[in-house]
Amino acid sequence: MRNIAVLGATGSIGTSALDVIARHPQRFRASVLAAHRSSEALAVLCERFVPDLAVIADPTLEADLRARVQRAGLPTRVASGAEALTGAAASSLCDTVVAAIVGAAGLESTLAAARAGKRLLLANKEAIVMAGPLLLAALREGGGELLPVDSEHNALFQALPAAAATRRAGLAETGVRKLILTASGGPFRGRTRGELAAITPEQAVAHPNWRMGRKISVDSASLMNKGLEVIEAHFLFDAAPDRIEVVVHPQSIVHSLVEYADGSVLAQLGHPDMRTALAYGLAWPERIEAGVRPLDLVALARLDFQPPDLDTFRCLGLAYAALRCGGTAPAVLNAANEVAVAAFLDGQLPFLAISEVIEACLEKIPPEPVANLAQLIQTDLTARATAQRMMRRLHC
Ligand code: NAD
Ligand code: MG
C-alpha cells in the first residue's frame, strides 16, 4: 500500500491524482491532503478520502477547516501554515508526494519531500526551474526517486533508456541525440503580435486541449509554459540547451519524443489527460488503469507539426536565454513571470507586456551561481519587487 500526500489536492492536478488513487483502493491511500485557501473543498475531499492529516496553507482558515472536519466526525488531524506543509511532505505519514502546488509556493515542500527520500511525483515545474541544482542535490541526499508528471517530461521518461531517465547515465552515452518537447501552441497559435494586443484573461485561459489551473493556462498561451519545460528538461535529464528542441503539435497527442543517434525517434502518445502521467508515476515500474480512453488512430487520422513562432511568443526565447545564462537566472525568469501573469489575470497588465516585464527583470538582475535556498528565496523576492517596479514603469 502506497501512502500518498497530495499537495495542491484541490487543483487540477490534485483532482486527477485523487481520481487515479480512488480507482486503486488496494494499492493507494491518500494519507495527506493539502490546499491553499479552499477549506470547504478540502473538507469535502477529507470526507471522501479520510486522510490522516489535512493541511491548509493559510493559517487564518485552520479553525474553519477543523470545524468542518469535526462536524463530519472524521479522525483527520488538521494543521496550517507553510511549515506544516513542509513537515507533512517529509513525514512518515507518506511514502509518496504528489507536488501539485502552483508556483514558487511549492518549492519548500517539494525540496522537503526529495530530502526525505520520498517518491516525488513532480508537477510543480516552477520548483525545479527555480532550484534545479538544489532539488537534484536533495534527491541524491534523500535517495528517493523523481517521477516527472508534466506530460512532456513523463513522455521523455518513458521514451528514454531507463538509465538516462533516472540520471544514472548521460544522454550521449546512451545514444540520445535530442529531446523534442511538443507544444500545443495554446489558444493563440497562428495569431500575430498585433492580434494579441487586446487579449483578455478569459481568452487566454481557454486552452483548446487541456483543462488546467489559470496560471499554467496563461503560461501555455504565452509559450512560457514550454520555456519552463525546456528548463525542467535540462535539469531532469541533464540535457544541454541545444539538445532540447520545441515543436508545435496542435492536437496534443504526441506528448514528446526522443531522437537517437541511429535515427530512431521514440515518442509517447495518448489523449491529453494528466491521469496517464499520474498513474504512470504512482505505479512505476508497473502500469495500471488510469480511466483514460484508448487512442483511436484512425479517428484521429492526422497529426501536425510546426515550428514555434518565437517572434510572437517571446517568452520561449527568454526561457532559453535564462537557461543559457544559468545560475539564478531561471529563478528570476520564474518570479517575474508569476508576478506578470498574476497582474494579467487581474486585468492590470496587457498580455504582450508579460514578456517585456520578464526581459526587463533578466536585464536588471545579474545571475549568480546557485548556492543555497536562502539565496534563491532572496532572488525570488528581489525579482518580484523588480517586476512590480517594471510594471509600474511600463504599463500601469
Ligand atoms: P491549480 O491552480 O488548478 O491548483 C493549484 C493547487 O495548489 C490548489 O490545490 C491550491 O490550493 C494549491 N496552492 C496554491 N497556492 C498555494 C500555496 N501558497 N500553498 C499551498 N498550496 C497552494 O493548478 P494546476 O493546474 O493543478 O497546476 C499545479 C502545478 O502542476 C503547476 O505547477 C503546473 O505548472 C503543474 N502542471 C499542471 C498541469 C495541468 O494539467 N493542470 C500539467 C502539467 C503541470
Ligand atoms: Mg506540460
# chains A, B, ... in the order shown; residues from 1 in each chain; ligands from 1
call {"tool": "residues_near_ligand", "arguments": {"ligand": "ligand 2", "cutoff": "8 Å", "atoms": "only C-alpha atoms and all ligand atoms", "output": "number ranges by chain"}}
result
A: 150-153, 225-226, 229
call {"tool": "residues_near_ligand", "arguments": {"ligand": "ligand 1", "cutoff": "8 Å", "atoms": "only C-alpha atoms and all ligand atoms", "output": "mmCIF file with N, CA, C and O atoms, in the first residue's frame"}}
result
data_model
loop_
_atom_site.group_PDB
_atom_site.id
_atom_site.type_symbol
_atom_site.label_atom_id
_atom_site.label_comp_id
_atom_site.auth_asym_id
_atom_site.auth_seq_id
_atom_site.Cartn_x
_atom_site.Cartn_y
_atom_site.Cartn_z
ATOM 1 N N LEU A 7 -0.240 17.352 -2.411
ATOM 2 C CA LEU A 7 -0.082 18.774 -2.072
ATOM 3 C C LEU A 7 -0.618 19.588 -3.248
ATOM 4 O O LEU A 7 -0.102 19.489 -4.358
ATOM 5 N N GLY A 8 -1.665 20.373 -2.990
ATOM 6 C CA GLY A 8 -2.398 21.010 -4.092
ATOM 7 C C GLY A 8 -3.573 20.126 -4.479
ATOM 8 O O GLY A 8 -3.912 19.979 -5.644
ATOM 9 N N ALA A 9 -4.198 19.526 -3.438
ATOM 10 C CA ALA A 9 -5.219 18.493 -3.666
ATOM 11 C C ALA A 9 -6.472 19.039 -4.347
ATOM 12 O O ALA A 9 -7.199 18.296 -5.003
ATOM 13 N N THR A 10 -6.738 20.335 -4.165
ATOM 14 C CA THR A 10 -7.980 20.904 -4.714
ATOM 15 C C THR A 10 -7.809 21.414 -6.139
ATOM 16 O O THR A 10 -8.773 21.869 -6.751
ATOM 17 N N GLY A 11 -6.592 21.348 -6.680
ATOM 18 C CA GLY A 11 -6.350 21.892 -8.014
ATOM 19 C C GLY A 11 -6.606 20.873 -9.111
ATOM 20 O O GLY A 11 -7.098 19.767 -8.866
ATOM 21 N N SER A 12 -6.264 21.264 -10.312
ATOM 22 C CA SER A 12 -6.493 20.417 -11.482
ATOM 23 C C SER A 12 -5.683 19.120 -11.393
ATOM 24 O O SER A 12 -6.218 18.016 -11.554
ATOM 25 N N ILE A 13 -4.383 19.229 -11.099
ATOM 26 C CA ILE A 13 -3.550 18.022 -10.977
ATOM 27 C C ILE A 13 -3.966 17.213 -9.749
ATOM 28 O O ILE A 13 -4.085 15.988 -9.811
ATOM 29 N N GLY A 14 -4.212 17.903 -8.637
ATOM 30 C CA GLY A 14 -4.631 17.206 -7.414
ATOM 31 C C GLY A 14 -5.885 16.380 -7.662
ATOM 32 O O GLY A 14 -5.983 15.219 -7.236
ATOM 33 N N THR A 15 -6.849 16.952 -8.370
ATOM 34 C CA THR A 15 -8.100 16.250 -8.659
ATOM 35 C C THR A 15 -7.840 15.006 -9.515
ATOM 36 O O THR A 15 -8.397 13.933 -9.253
ATOM 37 N N ALA A 34 -3.452 18.578 1.069
ATOM 38 C CA ALA A 34 -3.121 19.971 1.384
ATOM 39 C C ALA A 34 -3.631 20.903 0.294
ATOM 40 O O ALA A 34 -3.653 20.545 -0.885
ATOM 41 N N ALA A 35 -4.050 22.100 0.742
ATOM 42 C CA ALA A 35 -4.527 23.122 -0.200
ATOM 43 C C ALA A 35 -4.178 24.504 0.348
ATOM 44 O O ALA A 35 -3.704 24.631 1.484
ATOM 45 N N HIS A 36 -4.440 25.517 -0.451
ATOM 46 C CA HIS A 36 -4.056 26.882 -0.076
ATOM 47 C C HIS A 36 -5.114 27.534 0.810
ATOM 48 O O HIS A 36 -4.929 27.689 2.014
ATOM 49 N N ARG A 37 -6.286 27.869 0.190
ATOM 50 C CA ARG A 37 -7.325 28.604 0.924
ATOM 51 C C ARG A 37 -8.697 27.960 0.858
ATOM 52 O O ARG A 37 -9.605 28.387 1.551
ATOM 53 N N SER A 38 -8.846 26.975 -0.025
ATOM 54 C CA SER A 38 -10.194 26.419 -0.247
ATOM 55 C C SER A 38 -10.505 25.377 0.822
ATOM 56 O O SER A 38 -10.475 24.175 0.563
ATOM 57 N N ILE A 56 -4.016 23.174 5.598
ATOM 58 C CA ILE A 56 -4.457 24.356 4.857
ATOM 59 C C ILE A 56 -3.329 25.383 5.000
ATOM 60 O O ILE A 56 -2.902 25.705 6.107
ATOM 61 N N ALA A 57 -2.812 25.851 3.856
ATOM 62 C CA ALA A 57 -1.611 26.702 3.919
ATOM 63 C C ALA A 57 -1.899 28.032 4.603
ATOM 64 O O ALA A 57 -1.054 28.547 5.335
ATOM 65 N N ASP A 58 -3.083 28.573 4.400
ATOM 66 C CA ASP A 58 -3.437 29.858 5.015
ATOM 67 C C ASP A 58 -3.885 29.627 6.466
ATOM 68 O O ASP A 58 -4.955 29.056 6.712
ATOM 69 N N ALA A 82 2.931 27.241 6.224
ATOM 70 C CA ALA A 82 3.953 26.718 5.317
ATOM 71 C C ALA A 82 4.805 25.633 5.988
ATOM 72 O O ALA A 82 5.194 24.649 5.352
ATOM 73 N N LEU A 85 3.094 22.330 6.052
ATOM 74 C CA LEU A 85 3.107 21.760 4.704
ATOM 75 C C LEU A 85 4.433 21.038 4.442
ATOM 76 O O LEU A 85 4.470 19.885 3.990
ATOM 77 N N ALA A 99 3.603 16.573 -5.888
ATOM 78 C CA ALA A 99 3.892 18.008 -5.735
ATOM 79 C C ALA A 99 3.088 18.768 -6.784
ATOM 80 O O ALA A 99 3.532 18.939 -7.911
ATOM 81 N N ALA A 100 1.879 19.195 -6.402
ATOM 82 C CA ALA A 100 0.949 19.804 -7.362
ATOM 83 C C ALA A 100 0.485 21.185 -6.909
ATOM 84 O O ALA A 100 -0.599 21.635 -7.264
ATOM 85 N N ILE A 101 1.335 21.849 -6.097
ATOM 86 C CA ILE A 101 1.075 23.252 -5.759
ATOM 87 C C ILE A 101 1.549 24.081 -6.940
ATOM 88 O O ILE A 101 2.534 23.724 -7.596
ATOM 89 N N VAL A 102 0.871 25.189 -7.230
ATOM 90 C CA VAL A 102 1.290 26.011 -8.362
ATOM 91 C C VAL A 102 2.275 27.091 -7.891
ATOM 92 O O VAL A 102 2.086 27.693 -6.846
ATOM 93 N N GLY A 103 3.365 27.237 -8.649
ATOM 94 C CA GLY A 103 4.290 28.337 -8.429
ATOM 95 C C GLY A 103 5.358 28.081 -7.387
ATOM 96 O O GLY A 103 5.489 26.979 -6.837
ATOM 97 N N ALA A 105 5.437 28.815 -4.471
ATOM 98 C CA ALA A 105 4.878 28.402 -3.178
ATOM 99 C C ALA A 105 5.109 26.915 -2.915
ATOM 100 O O ALA A 105 5.081 26.481 -1.763
ATOM 101 N N GLY A 106 5.347 26.140 -3.968
ATOM 102 C CA GLY A 106 5.544 24.700 -3.794
ATOM 103 C C GLY A 106 6.990 24.297 -3.578
ATOM 104 O O GLY A 106 7.285 23.124 -3.347
ATOM 105 N N LEU A 122 6.522 14.926 -9.597
ATOM 106 C CA LEU A 122 6.704 16.372 -9.748
ATOM 107 C C LEU A 122 5.811 16.948 -10.843
ATOM 108 O O LEU A 122 6.013 16.700 -12.024
ATOM 109 N N ALA A 123 4.804 17.731 -10.402
ATOM 110 C CA ALA A 123 4.018 18.537 -11.352
ATOM 111 C C ALA A 123 4.440 19.995 -11.241
ATOM 112 O O ALA A 123 4.432 20.731 -12.217
ATOM 113 N N ASN A 124 4.840 20.401 -10.032
ATOM 114 C CA ASN A 124 5.201 21.783 -9.707
ATOM 115 C C ASN A 124 6.513 22.175 -10.411
ATOM 116 O O ASN A 124 7.572 22.237 -9.824
ATOM 117 N N LYS A 125 6.393 22.466 -11.723
ATOM 118 C CA LYS A 125 7.608 22.707 -12.523
ATOM 119 C C LYS A 125 8.359 23.943 -12.063
ATOM 120 O O LYS A 125 9.571 24.040 -12.219
ATOM 121 N N GLU A 126 7.626 24.924 -11.464
ATOM 122 C CA GLU A 126 8.310 26.141 -11.024
ATOM 123 C C GLU A 126 9.397 25.814 -10.004
ATOM 124 O O GLU A 126 10.418 26.512 -9.934
ATOM 125 N N ALA A 127 9.200 24.754 -9.211
ATOM 126 C CA ALA A 127 10.187 24.394 -8.180
ATOM 127 C C ALA A 127 11.507 23.979 -8.829
ATOM 128 O O ALA A 127 12.587 24.418 -8.400
ATOM 129 N N VAL A 149 5.702 14.352 -13.712
ATOM 130 C CA VAL A 149 4.277 14.248 -14.027
ATOM 131 C C VAL A 149 3.896 15.187 -15.174
ATOM 132 O O VAL A 149 2.934 14.943 -15.886
ATOM 133 N N ASP A 150 4.660 16.253 -15.381
ATOM 134 C CA ASP A 150 4.426 17.120 -16.527
ATOM 135 C C ASP A 150 4.381 16.192 -17.744
ATOM 136 O O ASP A 150 5.275 15.344 -17.907
ATOM 137 N N SER A 151 3.360 16.318 -18.590
ATOM 138 C CA SER A 151 3.115 15.265 -19.594
ATOM 139 C C SER A 151 4.309 15.084 -20.538
ATOM 140 O O SER A 151 4.634 13.959 -20.927
ATOM 141 N N TRP A 210 -6.376 21.168 -23.041
ATOM 142 C CA TRP A 210 -6.211 20.763 -21.642
ATOM 143 C C TRP A 210 -7.071 21.634 -20.741
ATOM 144 O O TRP A 210 -7.204 22.832 -20.976
ATOM 145 N N ARG A 211 -7.619 21.050 -19.662
ATOM 146 C CA ARG A 211 -8.297 21.814 -18.603
ATOM 147 C C ARG A 211 -7.309 21.943 -17.455
ATOM 148 O O ARG A 211 -6.980 20.957 -16.807
ATOM 149 N N MET A 212 -6.843 23.152 -17.191
ATOM 150 C CA MET A 212 -5.769 23.316 -16.201
ATOM 151 C C MET A 212 -6.054 24.541 -15.337
ATOM 152 O O MET A 212 -6.964 25.319 -15.612
ATOM 153 N N GLY A 213 -5.212 24.731 -14.312
ATOM 154 C CA GLY A 213 -5.315 25.927 -13.483
ATOM 155 C C GLY A 213 -5.066 27.180 -14.320
ATOM 156 O O GLY A 213 -4.537 27.106 -15.429
ATOM 157 N N ARG A 214 -5.439 28.352 -13.766
ATOM 158 C CA ARG A 214 -5.377 29.590 -14.553
ATOM 159 C C ARG A 214 -3.944 30.015 -14.860
ATOM 160 O O ARG A 214 -3.651 30.491 -15.946
ATOM 161 N N LYS A 215 -3.025 29.846 -13.918
ATOM 162 C CA LYS A 215 -1.659 30.316 -14.151
ATOM 163 C C LYS A 215 -1.015 29.521 -15.282
ATOM 164 O O LYS A 215 -0.458 30.101 -16.223
ATOM 165 N N ILE A 216 -1.073 28.209 -15.224
ATOM 166 C CA ILE A 216 -0.432 27.410 -16.281
ATOM 167 C C ILE A 216 -1.159 27.605 -17.612
ATOM 168 O O ILE A 216 -0.541 27.541 -18.684
ATOM 169 N N SER A 217 -2.442 27.928 -17.576
ATOM 170 C CA SER A 217 -3.164 28.172 -18.834
ATOM 171 C C SER A 217 -2.632 29.435 -19.514
ATOM 172 O O SER A 217 -2.456 29.455 -20.735
ATOM 173 N N ASN A 225 5.013 28.390 -20.693
ATOM 174 C CA ASN A 225 4.941 27.028 -20.167
ATOM 175 C C ASN A 225 5.996 26.153 -20.837
ATOM 176 O O ASN A 225 6.704 25.391 -20.184
ATOM 177 N N ASP A 273 -4.718 13.898 -21.151
ATOM 178 C CA ASP A 273 -5.373 13.639 -19.865
ATOM 179 C C ASP A 273 -4.261 13.326 -18.869
ATOM 180 O O ASP A 273 -3.522 12.347 -19.041
ATOM 181 N N MET A 274 -4.113 14.178 -17.846
ATOM 182 C CA MET A 274 -2.979 14.055 -16.925
ATOM 183 C C MET A 274 -3.020 12.774 -16.091
ATOM 184 O O MET A 274 -2.035 12.411 -15.450
#
call {"tool": "select_by_dssp", "arguments": {"residues": "stretch 209-329 of chain A", "states": "helix (DSSP H, G or I)", "output": "NGL selection string"}}
result
:A and (214-222 or 224-237 or 241-243 or 275-283 or 297-300 or 314-325 or 329)
call {"tool": "residues_around", "arguments": {"residues": "stretch 66-71 of chain A", "least_positions_apart": "5", "cutoff": "9 Å", "atoms": "only C-alpha atoms", "output": "list in words"}}
result
Ser39, Glu40, Ala43, Val44, Cys46, Glu47, Leu61, Thr76, Arg77, Val78 and Ala79 of chain A
call {"tool": "residues_around", "arguments": {"residues": "A:Val32", "least_positions_apart": "4", "cutoff": "10 Å", "atoms": "only C-alpha atoms", "output": "list in words"}}
result
Asn3, Ile4, Ala5, Val6, Leu7, Ala9, Cys46, Phe49, Val50, Pro51, Asp52, Leu53, Ala54, Val55, Thr76, Arg77, Leu85, Ala88, Ala89, Ser91, Leu93, Cys94, Thr96 and Val97 of chain A
call {"tool": "atom_distance", "arguments": {"atom1": "atom CA of A:Met224", "atom2": "atom CA of A:Val246"}}
result
12.0 Å
call {"tool": "residues_around", "arguments": {"residues": "A:His249", "least_positions_apart": "2", "cutoff": "9 Å", "atoms": "only C-alpha atoms", "output": "VMD selection string"}}
result
chain A and resid 182 to 185 247 251 to 255 303 to 307
call {"tool": "write_last_selection", "arguments": {"atoms": "all heavy atoms", "output": "compact mmCIF listing (two decimals), in the first residue's frame"}}
result
# COMPACT_ATOMS: atom_id res chain seq x y z
N THR A 182 6.94 18.63 -27.31
CA THR A 182 5.83 19.14 -28.11
C THR A 182 5.08 20.22 -27.34
O THR A 182 5.02 20.20 -26.11
CB THR A 182 4.85 18.02 -28.49
OG1 THR A 182 4.45 17.34 -27.31
CG2 THR A 182 5.48 17.04 -29.47
N ALA A 183 4.53 21.17 -28.10
CA ALA A 183 3.73 22.27 -27.52
C ALA A 183 2.45 22.36 -28.33
O ALA A 183 2.51 22.28 -29.56
CB ALA A 183 4.50 23.59 -27.65
N SER A 184 1.33 22.54 -27.66
CA SER A 184 0.07 22.66 -28.42
C SER A 184 0.04 23.97 -29.21
O SER A 184 -0.63 24.08 -30.21
CB SER A 184 -1.12 22.62 -27.48
OG SER A 184 -1.13 23.81 -26.71
N GLY A 185 0.79 24.97 -28.71
CA GLY A 185 0.70 26.31 -29.31
C GLY A 185 -0.33 27.18 -28.60
O GLY A 185 -0.39 28.39 -28.81
N VAL A 247 8.73 21.65 -30.70
CA VAL A 247 7.95 21.62 -31.93
C VAL A 247 6.47 21.77 -31.57
O VAL A 247 6.00 21.21 -30.58
CB VAL A 247 8.25 20.32 -32.73
CG1 VAL A 247 7.85 19.08 -31.97
CG2 VAL A 247 7.56 20.34 -34.09
N GLN A 251 -2.53 19.01 -31.89
CA GLN A 251 -3.50 18.03 -31.36
C GLN A 251 -3.17 17.55 -29.94
O GLN A 251 -4.02 16.89 -29.31
CB GLN A 251 -3.56 16.81 -32.30
CG GLN A 251 -4.18 17.09 -33.66
CD GLN A 251 -3.13 17.46 -34.72
OE1 GLN A 251 -1.96 17.68 -34.40
NE2 GLN A 251 -3.56 17.53 -35.97
N SER A 252 -1.96 17.80 -29.43
CA SER A 252 -1.56 17.32 -28.08
C SER A 252 -1.79 15.82 -27.91
O SER A 252 -2.31 15.38 -26.87
CB SER A 252 -2.30 18.08 -26.96
OG SER A 252 -1.99 19.44 -26.98
N ILE A 253 -1.39 15.05 -28.90
CA ILE A 253 -1.49 13.58 -28.81
C ILE A 253 -0.10 12.99 -28.58
O ILE A 253 0.08 12.10 -27.75
CB ILE A 253 -2.12 13.01 -30.09
CG1 ILE A 253 -3.58 13.48 -30.24
CG2 ILE A 253 -2.04 11.47 -30.09
CD1 ILE A 253 -4.54 12.98 -29.18
N VAL A 254 0.89 13.51 -29.32
CA VAL A 254 2.29 13.11 -29.10
C VAL A 254 2.81 14.01 -27.99
O VAL A 254 2.89 15.22 -28.14
CB VAL A 254 3.14 13.32 -30.37
CG1 VAL A 254 4.60 12.94 -30.10
CG2 VAL A 254 2.58 12.52 -31.53
N HIS A 255 3.16 13.41 -26.84
CA HIS A 255 3.48 14.25 -25.68
C HIS A 255 4.94 14.68 -25.61
O HIS A 255 5.25 15.63 -24.90
CB HIS A 255 3.01 13.57 -24.40
CG HIS A 255 1.52 13.42 -24.39
ND1 HIS A 255 0.67 14.49 -24.54
CD2 HIS A 255 0.73 12.33 -24.33
CE1 HIS A 255 -0.57 14.07 -24.55
NE2 HIS A 255 -0.58 12.76 -24.43
N LEU A 303 -1.74 13.93 -37.57
CA LEU A 303 -1.03 14.65 -36.51
C LEU A 303 -0.16 15.69 -37.21
O LEU A 303 0.54 15.37 -38.16
CB LEU A 303 -0.14 13.67 -35.72
CG LEU A 303 -0.86 12.53 -35.01
CD1 LEU A 303 0.16 11.53 -34.44
CD2 LEU A 303 -1.73 13.07 -33.89
N ASP A 304 -0.23 16.94 -36.76
CA ASP A 304 0.51 18.02 -37.43
C ASP A 304 1.66 18.52 -36.56
O ASP A 304 1.57 18.50 -35.33
CB ASP A 304 -0.45 19.19 -37.71
CG ASP A 304 -1.55 18.77 -38.66
OD1 ASP A 304 -1.23 18.34 -39.78
OD2 ASP A 304 -2.73 18.86 -38.27
N PHE A 305 2.69 19.03 -37.22
CA PHE A 305 3.86 19.58 -36.52
C PHE A 305 4.30 20.86 -37.23
O PHE A 305 4.32 20.90 -38.45
CB PHE A 305 4.99 18.54 -36.48
CG PHE A 305 4.57 17.28 -35.77
CD1 PHE A 305 4.06 16.20 -36.50
CD2 PHE A 305 4.63 17.19 -34.40
CE1 PHE A 305 3.62 15.05 -35.84
CE2 PHE A 305 4.21 16.06 -33.74
CZ PHE A 305 3.71 14.97 -34.45
N GLN A 306 4.65 21.88 -36.43
CA GLN A 306 5.08 23.18 -36.99
C GLN A 306 6.19 23.74 -36.10
O GLN A 306 6.28 23.38 -34.93
CB GLN A 306 3.93 24.20 -36.93
CG GLN A 306 2.63 23.74 -37.47
CD GLN A 306 1.43 24.55 -36.93
OE1 GLN A 306 1.58 25.40 -36.06
NE2 GLN A 306 0.26 24.25 -37.46
N PRO A 307 6.99 24.69 -36.64
CA PRO A 307 7.98 25.34 -35.77
C PRO A 307 7.27 26.35 -34.86
O PRO A 307 6.24 26.91 -35.24
CB PRO A 307 8.90 26.07 -36.75
CG PRO A 307 8.06 26.29 -37.96
CD PRO A 307 7.05 25.18 -38.02
call {"tool": "closest_residue", "arguments": {"among": "A:Asp262, A:Asp296, A:Asp311, A:Glu141", "to": "A:Arg193", "atoms": "only C-alpha atoms"}}
result
A:Asp311
call {"tool": "residues_around", "arguments": {"residues": "A:Gly142", "least_positions_apart": "2", "cutoff": "9 Å", "atoms": "only C-alpha atoms", "output": "ChimeraX atom specification"}}
result
/A:113-118,137-140,144-145
call {"tool": "write_last_selection", "arguments": {"atoms": "N, CA, C and O atoms", "output": "compact mmCIF listing (two decimals), in the first residue's frame"}}
result
# COMPACT_ATOMS: atom_id res chain seq x y z
N ALA A 113 10.26 16.88 0.45
CA ALA A 113 9.91 15.50 0.04
C ALA A 113 11.14 14.81 -0.55
O ALA A 113 11.40 13.63 -0.26
N ALA A 114 11.89 15.54 -1.37
CA ALA A 114 13.08 14.95 -2.00
C ALA A 114 14.12 14.59 -0.94
O ALA A 114 14.68 13.50 -0.95
N ARG A 115 14.34 15.52 -0.02
CA ARG A 115 15.35 15.30 1.02
C ARG A 115 14.98 14.12 1.91
O ARG A 115 15.84 13.42 2.44
N ALA A 116 13.66 13.91 2.08
CA ALA A 116 13.20 12.81 2.96
C ALA A 116 13.14 11.47 2.22
O ALA A 116 12.69 10.48 2.79
N GLY A 117 13.56 11.45 0.96
CA GLY A 117 13.64 10.17 0.24
C GLY A 117 12.31 9.63 -0.24
O GLY A 117 12.16 8.42 -0.47
N LYS A 118 11.33 10.52 -0.40
CA LYS A 118 10.02 10.06 -0.88
C LYS A 118 10.07 9.77 -2.37
O LYS A 118 10.96 10.24 -3.08
N ALA A 137 20.27 17.86 -5.72
CA ALA A 137 21.09 17.53 -4.54
C ALA A 137 20.23 16.91 -3.45
O ALA A 137 20.63 15.93 -2.80
N ALA A 138 19.03 17.45 -3.25
CA ALA A 138 18.13 16.91 -2.21
C ALA A 138 17.73 15.48 -2.56
O ALA A 138 17.63 14.61 -1.68
N LEU A 139 17.52 15.20 -3.84
CA LEU A 139 17.16 13.84 -4.26
C LEU A 139 18.30 12.87 -3.99
O LEU A 139 18.09 11.76 -3.51
N ARG A 140 19.52 13.32 -4.31
CA ARG A 140 20.69 12.46 -4.06
C ARG A 140 20.82 12.19 -2.57
O ARG A 140 21.04 11.06 -2.14
N GLY A 144 15.59 9.06 -2.70
CA GLY A 144 14.27 8.71 -3.23
C GLY A 144 14.28 8.75 -4.75
O GLY A 144 15.33 8.69 -5.39
N GLU A 145 13.12 8.85 -5.34
CA GLU A 145 13.06 8.85 -6.80
C GLU A 145 12.12 9.94 -7.29
O GLU A 145 11.13 10.26 -6.63
call {"tool": "closest_residue", "arguments": {"among": "A:Arg287, A:Arg29, A:Arg119, A:His207", "to": "A:Pro272", "atoms": "only C-alpha atoms"}}
result
A:His207
call {"tool": "select_by_dssp", "arguments": {"residues": "stretch 146-346 of chain A", "states": "strand (DSSP E or B)", "output": "list of chain:residue names"}}
result
A:Leu146, A:Leu147, A:Pro148, A:Val176, A:Arg177, A:Lys178, A:Leu179, A:Ile180, A:Leu181, A:Thr182, A:Ala183, A:Ile244, A:Glu245, A:Val246, A:Val247, A:Val248, A:Val254, A:His255, A:Ser256, A:Leu257, A:Val258, A:Glu259, A:Tyr260, A:Val265, A:Leu266, A:Ala267, A:Gln268, A:Leu269, A:Gln306
call {"tool": "decode", "arguments": {"residues": "stretch 225-236 of chain A", "atoms": "N, CA, C and O atoms", "output": "PDB file, in the first residue's frame"}}
result
ATOM      1  N   ASN A 225       5.013  28.390 -20.693  1.00  0.00           N
ATOM      2  CA  ASN A 225       4.941  27.028 -20.167  1.00  0.00           C
ATOM      3  C   ASN A 225       5.996  26.153 -20.837  1.00  0.00           C
ATOM      4  O   ASN A 225       6.704  25.391 -20.184  1.00  0.00           O
ATOM      5  N   LYS A 226       6.119  26.288 -22.169  1.00  0.00           N
ATOM      6  CA  LYS A 226       7.129  25.469 -22.860  1.00  0.00           C
ATOM      7  C   LYS A 226       8.528  25.899 -22.454  1.00  0.00           C
ATOM      8  O   LYS A 226       9.431  25.075 -22.334  1.00  0.00           O
ATOM      9  N   GLY A 227       8.709  27.217 -22.236  1.00  0.00           N
ATOM     10  CA  GLY A 227      10.010  27.699 -21.792  1.00  0.00           C
ATOM     11  C   GLY A 227      10.385  27.101 -20.445  1.00  0.00           C
ATOM     12  O   GLY A 227      11.517  26.624 -20.250  1.00  0.00           O
ATOM     13  N   LEU A 228       9.434  27.098 -19.503  1.00  0.00           N
ATOM     14  CA  LEU A 228       9.702  26.489 -18.190  1.00  0.00           C
ATOM     15  C   LEU A 228      10.013  25.002 -18.377  1.00  0.00           C
ATOM     16  O   LEU A 228      10.884  24.437 -17.698  1.00  0.00           O
ATOM     17  N   GLU A 229       9.330  24.382 -19.327  1.00  0.00           N
ATOM     18  CA  GLU A 229       9.536  22.943 -19.546  1.00  0.00           C
ATOM     19  C   GLU A 229      10.898  22.643 -20.178  1.00  0.00           C
ATOM     20  O   GLU A 229      11.463  21.569 -19.943  1.00  0.00           O
ATOM     21  N   VAL A 230      11.420  23.566 -20.981  1.00  0.00           N
ATOM     22  CA  VAL A 230      12.775  23.386 -21.523  1.00  0.00           C
ATOM     23  C   VAL A 230      13.764  23.359 -20.354  1.00  0.00           C
ATOM     24  O   VAL A 230      14.643  22.493 -20.268  1.00  0.00           O
ATOM     25  N   ILE A 231      13.588  24.295 -19.424  1.00  0.00           N
ATOM     26  CA  ILE A 231      14.488  24.347 -18.256  1.00  0.00           C
ATOM     27  C   ILE A 231      14.300  23.095 -17.396  1.00  0.00           C
ATOM     28  O   ILE A 231      15.270  22.496 -16.914  1.00  0.00           O
ATOM     29  N   GLU A 232      13.050  22.688 -17.229  1.00  0.00           N
ATOM     30  CA  GLU A 232      12.752  21.465 -16.458  1.00  0.00           C
ATOM     31  C   GLU A 232      13.452  20.255 -17.094  1.00  0.00           C
ATOM     32  O   GLU A 232      14.072  19.445 -16.397  1.00  0.00           O
ATOM     33  N   ALA A 233      13.389  20.142 -18.418  1.00  0.00           N
ATOM     34  CA  ALA A 233      14.016  19.002 -19.116  1.00  0.00           C
ATOM     35  C   ALA A 233      15.529  19.032 -18.934  1.00  0.00           C
ATOM     36  O   ALA A 233      16.171  17.985 -18.764  1.00  0.00           O
ATOM     37  N   HIS A 234      16.087  20.246 -18.964  1.00  0.00           N
ATOM     38  CA  HIS A 234      17.534  20.386 -18.759  1.00  0.00           C
ATOM     39  C   HIS A 234      17.948  19.769 -17.424  1.00  0.00           C
ATOM     40  O   HIS A 234      18.886  18.973 -17.348  1.00  0.00           O
ATOM     41  N   PHE A 235      17.229  20.123 -16.360  1.00  0.00           N
ATOM     42  CA  PHE A 235      17.618  19.607 -15.036  1.00  0.00           C
ATOM     43  C   PHE A 235      17.275  18.129 -14.879  1.00  0.00           C
ATOM     44  O   PHE A 235      18.065  17.355 -14.330  1.00  0.00           O
ATOM     45  N   LEU A 236      16.087  17.742 -15.350  1.00  0.00           N
ATOM     46  CA  LEU A 236      15.658  16.351 -15.130  1.00  0.00           C
ATOM     47  C   LEU A 236      16.584  15.354 -15.807  1.00  0.00           C
ATOM     48  O   LEU A 236      16.885  14.289 -15.260  1.00  0.00           O
TER      49      LEU A 236
END
